[in-house]
>>> print(open('final-v4.txt').read())   # compact mmCIF, C-alpha atoms
# COMPACT_ATOMS: atom_id res chain seq x y z
CA MET A 1 0.00 0.00 0.00
CA LEU A 2 2.74 2.39 1.02
CA LEU A 3 4.72 1.47 -2.05
CA ALA A 4 1.71 2.17 -4.29
CA LEU A 5 1.26 5.61 -2.73
CA LEU A 6 4.94 6.31 -3.18
CA VAL A 7 4.76 5.35 -6.85
CA LEU A 8 1.67 7.51 -7.32
CA ALA A 9 3.44 10.46 -5.71
CA VAL A 10 6.47 10.04 -7.97
CA VAL A 11 4.23 9.85 -11.06
CA ALA A 12 2.30 12.95 -9.96
CA VAL A 13 5.52 14.91 -9.44
CA ALA A 14 6.83 13.76 -12.81
CA LEU A 15 3.63 14.89 -14.56
CA ALA A 16 3.43 18.21 -12.76
CA ALA A 17 7.09 19.12 -13.16
CA PRO A 18 6.93 20.38 -16.80
CA VAL A 19 3.93 22.55 -16.04
CA ALA A 20 5.58 23.99 -12.94
CA ILE A 21 8.80 24.65 -14.83
CA ARG A 22 6.90 26.37 -17.66
CA MET A 23 5.02 28.60 -15.20
CA ALA A 24 8.24 29.47 -13.41
CA ARG A 25 9.87 30.43 -16.72
CA VAL A 26 6.94 32.65 -17.66
CA ARG A 27 7.18 34.45 -14.32
CA ILE A 28 10.94 34.83 -14.60
CA ASP A 29 10.61 36.23 -18.15
CA ALA A 30 7.90 38.67 -17.04
CA ALA A 31 10.01 39.84 -14.11
CA ARG A 32 13.04 40.23 -16.40
CA ALA A 33 11.00 42.23 -18.95
CA ALA A 34 9.66 44.51 -16.23
CA ARG A 35 13.19 45.03 -14.87
CA ASN A 36 14.52 45.84 -18.35
CA ALA A 37 11.70 48.28 -19.01
CA ALA A 38 12.40 50.03 -15.72
CA GLU A 39 16.11 50.24 -16.56
CA GLU A 40 15.40 51.66 -20.04
CA ARG A 41 13.11 54.30 -18.62
CA PRO A 42 15.01 57.56 -18.09
CA LEU A 43 15.38 58.83 -14.57
CA ASP A 44 13.39 61.96 -15.42
CA TYR A 45 10.48 59.91 -16.81
CA ASP A 46 7.26 61.80 -16.31
CA PRO A 47 4.19 59.53 -16.43
CA GLY A 48 1.89 62.50 -17.10
CA ARG A 49 3.87 63.75 -20.08
CA GLU A 50 2.11 61.57 -22.63
CA ARG A 51 -1.29 62.52 -21.29
CA ARG A 52 -0.48 66.23 -21.44
CA ALA A 53 0.99 65.79 -24.94
CA GLU A 54 -2.25 64.12 -26.05
CA GLN A 55 -4.32 66.95 -24.58
CA ARG A 56 -2.25 69.49 -26.51
CA ALA A 57 -2.52 67.34 -29.62
CA ARG A 58 -6.31 67.29 -29.37
CA GLN A 59 -6.38 71.08 -29.10
CA LEU A 60 -4.09 71.41 -32.11
CA LEU A 61 -6.22 68.99 -34.13
CA ARG A 62 -9.37 70.86 -33.20
CA SER A 63 -7.83 74.14 -34.33
CA CYS A 64 -6.94 72.72 -37.76
CA VAL A 65 -9.93 70.65 -38.87
CA ASN A 66 -13.49 71.89 -39.33
CA ASP A 67 -16.31 71.41 -36.83
CA GLU A 68 -17.68 68.32 -38.56
CA GLU A 69 -14.32 66.57 -38.64
CA TRP A 70 -13.60 67.46 -35.04
CA GLY A 71 -17.01 66.18 -33.93
CA MET A 72 -16.39 62.99 -35.88
CA TYR A 73 -13.06 62.41 -34.15
CA ARG A 74 -14.40 63.31 -30.71
CA ASP A 75 -17.46 61.08 -31.01
CA LEU A 76 -16.23 58.22 -33.20
CA GLY A 77 -12.45 58.20 -32.84
CA PHE A 78 -11.63 58.67 -36.52
CA ILE A 79 -11.88 61.26 -39.29
CA ARG A 80 -13.14 60.82 -42.83
CA VAL A 81 -11.29 62.62 -45.60
CA GLU A 82 -12.61 62.69 -49.14
CA GLY A 83 -10.28 61.57 -51.89
CA SER A 84 -9.20 64.28 -54.27
CA HIS A 85 -8.78 62.27 -57.48
CA PRO A 86 -11.91 62.82 -59.58
CA GLN A 87 -11.81 59.34 -61.08
CA GLY A 88 -11.22 57.68 -57.75
CA ARG A 89 -8.98 54.87 -56.61
CA GLY A 90 -10.06 51.38 -57.53
CA ARG A 91 -13.34 52.68 -58.80
CA ARG A 92 -15.47 50.25 -60.74
CA LYS A 93 -15.63 51.06 -64.42
CA GLY A 94 -18.87 52.80 -65.19
CA ALA A 95 -19.76 53.38 -61.56
CA ALA A 96 -21.32 56.77 -61.07
CA SER A 97 -21.07 58.84 -57.95
CA GLN A 98 -24.38 59.61 -56.29
CA GLY A 99 -24.99 63.32 -56.00
CA ASP A 100 -22.33 64.92 -53.82
CA THR A 101 -20.93 61.57 -52.73
CA PRO A 102 -17.20 61.48 -53.49
CA PRO A 103 -15.96 58.51 -55.52
CA TYR A 104 -13.78 57.38 -52.63
CA ALA A 105 -12.75 58.52 -49.17
CA TYR A 106 -10.38 57.63 -46.37
CA LEU A 107 -10.84 56.83 -42.71
CA LEU A 108 -8.04 58.12 -40.52
CA TYR A 109 -7.48 56.22 -37.29
CA PRO A 110 -4.78 57.05 -34.74
CA HIS A 111 -1.78 54.75 -35.10
CA LYS A 112 -3.58 52.47 -37.52
CA PRO A 113 -3.56 52.22 -41.31
CA ILE A 114 -5.52 54.65 -43.45
CA VAL A 115 -8.53 52.87 -44.96
CA ALA A 116 -9.78 53.75 -48.44
CA TYR A 117 -13.40 52.95 -49.22
CA VAL A 118 -16.27 53.82 -51.56
CA PRO A 119 -18.84 55.94 -49.71
CA ALA A 120 -21.59 55.13 -52.23
CA ASP A 121 -21.69 51.41 -51.42
CA GLY A 122 -19.35 51.03 -48.43
CA ARG A 123 -16.93 48.85 -50.37
CA LEU A 124 -13.53 48.67 -48.65
CA LEU A 125 -10.70 49.27 -51.11
CA SER A 126 -7.40 48.99 -49.30
CA GLU A 127 -5.46 49.94 -46.21
CA TYR A 128 -2.41 52.15 -46.39
CA CYS A 129 0.13 51.57 -43.66
CA VAL A 130 1.85 54.84 -42.92
CA GLU A 131 3.70 56.12 -39.89
CA PHE A 132 5.51 59.27 -38.87
CA PRO A 133 8.69 57.94 -37.33
CA ASP A 134 10.90 59.55 -34.75
CA LEU A 135 13.62 61.08 -36.93
CA THR A 136 15.99 61.31 -33.97
CA GLY A 137 16.27 57.53 -33.97
CA GLY A 138 14.15 57.05 -30.87
CA ARG A 139 11.18 54.74 -30.64
CA SER A 140 8.65 57.33 -29.50
CA ARG A 141 5.40 57.82 -31.36
CA LEU A 142 3.39 60.92 -31.99
CA PRO A 143 0.47 61.39 -29.61
CA ALA A 144 -2.66 59.76 -31.06
CA SER A 145 -4.32 63.02 -32.11
CA ASP A 146 -1.08 64.31 -33.66
CA ASP A 147 -0.87 61.10 -35.68
CA VAL A 148 -4.38 61.74 -37.03
CA LEU A 149 -3.53 65.39 -37.71
CA ALA A 150 -0.34 64.42 -39.56
CA LYS A 151 -2.36 62.03 -41.75
CA TRP A 152 -5.02 64.68 -42.30
CA MET A 153 -2.45 67.33 -43.29
CA ALA A 154 -0.57 64.94 -45.54
CA LEU A 155 -3.74 63.71 -47.28
CA THR A 156 -5.43 67.07 -47.73
CA SER A 157 -2.27 68.73 -49.01
CA ASP A 158 -0.52 66.06 -51.04
CA GLU A 159 -2.56 62.88 -51.24
CA SER A 160 -0.45 61.23 -53.92
CA ARG A 161 2.73 61.78 -51.96
CA VAL A 162 1.55 60.22 -48.73
CA ILE A 163 -0.24 57.35 -50.46
CA GLY A 164 2.90 56.79 -52.51
CA GLN A 165 4.95 56.50 -49.30
CA ALA A 166 2.53 54.09 -47.67
CA ASN A 167 2.53 50.31 -47.90
CA MET A 168 -0.74 49.24 -49.47
CA HIS A 169 -2.55 46.06 -48.47
CA LEU A 170 -6.01 44.64 -48.79
CA VAL A 171 -8.17 45.57 -45.81
CA GLY A 172 -7.75 42.93 -43.16
CA ARG A 173 -3.99 42.88 -42.73
CA GLN A 174 -4.03 45.13 -39.67
CA LEU A 175 -7.63 46.23 -39.39
CA ASP A 176 -10.58 43.96 -38.94
CA PRO A 177 -12.89 44.55 -41.96
CA ALA A 178 -15.93 43.87 -39.78
CA ARG A 179 -14.82 46.62 -37.43
CA VAL A 180 -14.30 49.06 -40.31
CA ARG A 181 -17.76 48.25 -41.69
CA ARG A 182 -19.19 48.81 -38.22
CA ASP A 183 -17.38 52.16 -38.08
CA LEU A 184 -18.89 53.12 -41.45
CA TRP A 185 -22.32 52.29 -40.07
CA ARG A 186 -21.56 54.35 -36.93
CA LEU A 187 -20.46 57.20 -39.19
CA SER A 188 -23.67 57.10 -41.22
CA GLU A 189 -25.74 57.08 -38.01
CA TRP A 190 -23.67 59.94 -36.62
CA GLU A 191 -24.20 61.97 -39.79
CA ARG A 192 -27.93 61.23 -39.78
CA ARG A 193 -28.24 62.46 -36.20
CA ARG A 194 -26.10 65.49 -36.96
CA VAL A 195 -28.21 66.48 -39.96
CA GLY A 196 -31.34 65.95 -37.89
CA SER A 197 -30.13 68.17 -35.06
CA THR A 198 -28.98 70.85 -37.54
CA GLU A 199 -32.41 70.87 -39.20
CA ALA A 200 -34.13 71.02 -35.83
CA ARG A 201 -32.03 74.02 -34.85
CA GLY A 202 -32.74 75.67 -38.19
CA GLY A 203 -36.44 75.49 -37.60
CA MET B 1 4.91 67.79 -33.69
CA LYS B 2 7.55 65.70 -32.01
CA PRO B 3 7.19 62.00 -31.23
CA GLY B 4 6.95 61.48 -27.49
CA HIS B 5 6.26 65.15 -26.82
CA GLY B 6 3.55 66.39 -29.16
CA GLU B 7 3.35 70.05 -29.99
CA ILE B 8 6.42 72.18 -29.33
CA LEU B 9 6.74 75.88 -30.13
CA LEU B 10 9.90 76.21 -32.22
CA SER B 11 9.93 79.89 -33.02
CA GLU B 12 7.56 82.79 -33.33
CA GLY B 13 7.75 86.28 -34.67
CA ASP B 14 6.41 88.82 -37.10
CA PRO B 15 7.52 88.06 -40.69
CA ASP B 16 7.34 91.78 -41.47
CA VAL B 17 10.14 92.44 -38.98
CA SER B 18 13.41 91.50 -40.66
CA GLU B 19 15.07 90.10 -37.52
CA ASP B 20 12.05 87.94 -36.79
CA GLU B 21 11.84 86.78 -40.37
CA GLU B 22 15.50 85.74 -40.41
CA ARG B 23 14.91 83.67 -37.29
CA LEU B 24 11.78 82.10 -38.79
CA ILE B 25 13.57 81.25 -42.03
CA GLU B 26 16.49 79.73 -40.13
CA GLU B 27 14.17 77.53 -38.08
CA PHE B 28 12.15 76.60 -41.15
CA ARG B 29 15.27 75.42 -42.99
CA ARG B 30 16.56 73.58 -39.95
CA GLN B 31 13.34 71.61 -39.63
CA LEU B 32 13.29 70.67 -43.31
CA ASP B 33 16.97 69.72 -43.16
CA GLU B 34 16.10 67.36 -40.31
CA GLY B 35 13.63 65.67 -42.62
CA MET B 36 10.39 67.16 -41.36
CA TRP B 37 7.46 68.08 -43.55
CA ALA B 38 5.92 71.52 -43.21
CA ALA B 39 2.23 72.29 -43.62
CA VAL B 40 0.05 75.34 -43.20
CA PRO B 41 -3.59 74.75 -42.20
CA THR B 42 -5.91 76.71 -44.47
CA SER B 43 -9.63 77.26 -44.76
CA THR B 44 -11.88 78.14 -47.66
CA PRO B 45 -14.08 81.08 -46.69
CA GLY B 46 -17.77 80.31 -46.96
CA SER B 47 -17.48 76.56 -47.51
CA GLY B 48 -16.26 75.59 -44.07
CA ARG B 49 -13.84 73.25 -45.76
CA ARG B 50 -10.39 73.05 -44.26
CA GLU B 51 -7.23 71.50 -45.59
CA ALA B 52 -3.49 71.83 -45.34
CA LEU B 53 -0.97 73.28 -47.72
CA MET B 54 2.37 71.49 -47.84
CA VAL B 55 5.23 73.98 -48.16
CA ARG B 56 8.74 73.10 -49.25
CA ASP B 57 10.20 76.59 -49.11
CA TYR B 58 9.73 79.50 -46.74
CA ALA B 59 8.65 81.63 -49.69
CA ASP B 60 5.71 79.24 -50.22
CA VAL B 61 4.23 80.09 -46.83
CA PRO B 62 1.13 82.20 -47.54
CA ARG B 63 1.26 85.78 -46.32
CA GLY B 64 -0.81 86.06 -43.22
CA ALA B 65 -0.37 82.41 -42.23
CA GLU B 66 -0.63 82.15 -38.47
CA ARG B 67 1.53 79.06 -38.14
CA VAL B 68 3.51 76.42 -39.91
CA ILE B 69 3.27 72.92 -38.48
CA PHE B 70 6.25 70.60 -38.86
CA PHE B 71 5.75 66.87 -38.59
CA PRO B 72 7.88 63.81 -39.35
CA ARG B 73 7.74 62.77 -42.97
CA ALA B 74 5.53 59.81 -43.71
CA ALA B 75 7.03 56.38 -44.16
CA GLY B 76 5.53 53.03 -44.96
CA GLY B 77 4.39 51.34 -41.78
>>> encode(input="final-v4.txt", output="structure tokens")
Amino acid sequence: MLLALLVLAVVAVALAAPVAIRMARVRIDAARAARNAAEERPLDYDPGRERRAEQRARQLLRSCVNDEEWGMYRDLGFIRVEGSHPQGRGRRKGAASQGDTPPYAYLLYPHKPIVAYVPADGRLLSEYCVEFPDLTGGRSRLPASDDVLAKWMALTSDESRVIGQANMHLVGRQLDPARVRRDLWRLSEWERRRVGSTEARGG
Amino acid sequence: MKPGHGEILLSEGDPDVSEDEERLIEEFRRQLDEGMWAAVPTSTPGSGRREALMVRDYADVPRGAERVIFFPRAAGG
């Protein structure tokens, strides 16, 4: 009986050992990563700096874009910019634009690819991966709202240049197409409410 | 716009004052030499439409522009 219990205990230890070792390694790696991150952080690290930078970035963005674009960013988290090429990008042959609807437009997300789509039917065209790297060689990023503003300035001033610099992929490489479609639906609802409230104010 | 910091005031002055303009031109060139892009936010009166104007030379900055925004040049992500 005692021998059987002893054998069972040995087997249990043998089975549990790999799991215990794996868990210990994970904890050691996490502790090492945290220690490295703390060592890389400069002594004058200010945890509020990024938050203040983002607040300034939001004010700068608001001062540059129009009221509609600012409201869009504030409420939805992205900005739509109409494409400037009259024939459109990836436009179906023979497709006609509907009224004032532009042949194509972009969605600008912070720190995510620019998405090109067809407003008339919601068709997603492509995603353009573009970033504004730290030219000093550091690994810092622009605050989120500055990233959107940089995309907005680049697209509204020289669309071909920024699109030419970007890496183009089919939608789905970095962004979930279902999420983008949901954002387009949110945008249409947002615009419908906005038009409704404007008309109500107008009388 | 500087990564990790956000908006930083680089220089300010009145372009009609020669000393100020020299300082503005010097800073403008320094930023472009460092690889930054420069843009001036503009608006179309009446339409409410706003856009940016990319400038590659100080002389391209529209008279009366309130500010020039420098940001890192775009690269494929």
>>> interface_residues(input="final-v4.txt", of="chain B", to="chain A", cutoff="7 Å", atoms="all atoms listed in the file", output="mmCIF file with C-alpha atoms, in the coordinates of the input")
data_model
loop_
_atom_site.group_PDB
_atom_site.id
_atom_site.type_symbol
_atom_site.label_atom_id
_atom_site.label_comp_id
_atom_site.auth_asym_id
_atom_site.auth_seq_id
_atom_site.Cartn_x
_atom_site.Cartn_y
_atom_site.Cartn_z
ATOM 1 C CA MET B 1 4.910 67.790 -33.690
ATOM 2 C CA LYS B 2 7.550 65.700 -32.010
ATOM 3 C CA PRO B 3 7.190 62.000 -31.230
ATOM 4 C CA GLY B 4 6.950 61.480 -27.490
ATOM 5 C CA HIS B 5 6.260 65.150 -26.820
ATOM 6 C CA GLY B 6 3.550 66.390 -29.160
ATOM 7 C CA GLU B 7 3.350 70.050 -29.990
ATOM 8 C CA ALA B 39 2.230 72.290 -43.620
ATOM 9 C CA PRO B 41 -3.590 74.750 -42.200
ATOM 10 C CA GLY B 48 -16.260 75.590 -44.070
ATOM 11 C CA ARG B 49 -13.840 73.250 -45.760
ATOM 12 C CA ARG B 50 -10.390 73.050 -44.260
ATOM 13 C CA GLU B 51 -7.230 71.500 -45.590
ATOM 14 C CA ALA B 52 -3.490 71.830 -45.340
ATOM 15 C CA LEU B 53 -0.970 73.280 -47.720
ATOM 16 C CA MET B 54 2.370 71.490 -47.840
ATOM 17 C CA PHE B 71 5.750 66.870 -38.590
ATOM 18 C CA PRO B 72 7.880 63.810 -39.350
ATOM 19 C CA ARG B 73 7.740 62.770 -42.970
ATOM 20 C CA ALA B 74 5.530 59.810 -43.710
ATOM 21 C CA ALA B 75 7.030 56.380 -44.160
ATOM 22 C CA GLY B 76 5.530 53.030 -44.960
ATOM 23 C CA GLY B 77 4.390 51.340 -41.780
#
>>> closest_residue(input="final-v4.txt", among="B:Asp16, B:Ser11, B:Ala38, B:Asp33", to="B:Tyr58", atoms="all atoms listed in the file")
B:Ala38
>>> atom_distance(input="final-v4.txt", atom1="atom CA of B:Leu9", atom2="atom CA of B:Glu27")
11.0 Å
>>> residues_around(input="final-v4.txt", residues="stretch 170-181 of chain A", least_positions_apart="2", cutoff="6 Å", atoms="all atoms listed in the file", output="list in words")
Ser126, Glu127, Asp183 and Leu184 of chain A
>>> residues_around(input="final-v4.txt", residues="B:Arg56", least_positions_apart="3", cutoff="9 Å", atoms="only C-alpha atoms", output="PDB file with C-alpha atoms, in the coordinates of the input")
ATOM      1  CA  LEU B  32      13.290  70.670 -43.310  1.00  0.00           C
ATOM      2  CA  TRP B  37       7.460  68.080 -43.550  1.00  0.00           C
ATOM      3  CA  ALA B  38       5.920  71.520 -43.210  1.00  0.00           C
ATOM      4  CA  ALA B  39       2.230  72.290 -43.620  1.00  0.00           C
ATOM      5  CA  ALA B  59       8.650  81.630 -49.690  1.00  0.00           C
ATOM      6  CA  ASP B  60       5.710  79.240 -50.220  1.00  0.00           C
ATOM      7  CA  VAL B  61       4.230  80.090 -46.830  1.00  0.00           C
TER       8      VAL B  61
END
>>> atom_distance(input="final-v4.txt", atom1="atom CA of B:Ala65", atom2="atom CA of B:Ser43")
10.9 Å
>>> atom_distance(input="final-v4.txt", atom1="atom CA of A:Pro102", atom2="atom CA of A:Leu61")
23.5 Å
>>> axis_aligned_box(input="final-v4.txt", around="stretch 23-30 of chain B", padding_each_side="4 Å", output="JSON")
{"center_x": 14.2, "center_y": 78.6, "center_z": -40.1, "size_x": 12.8, "size_y": 18.1, "size_z": 13.7}
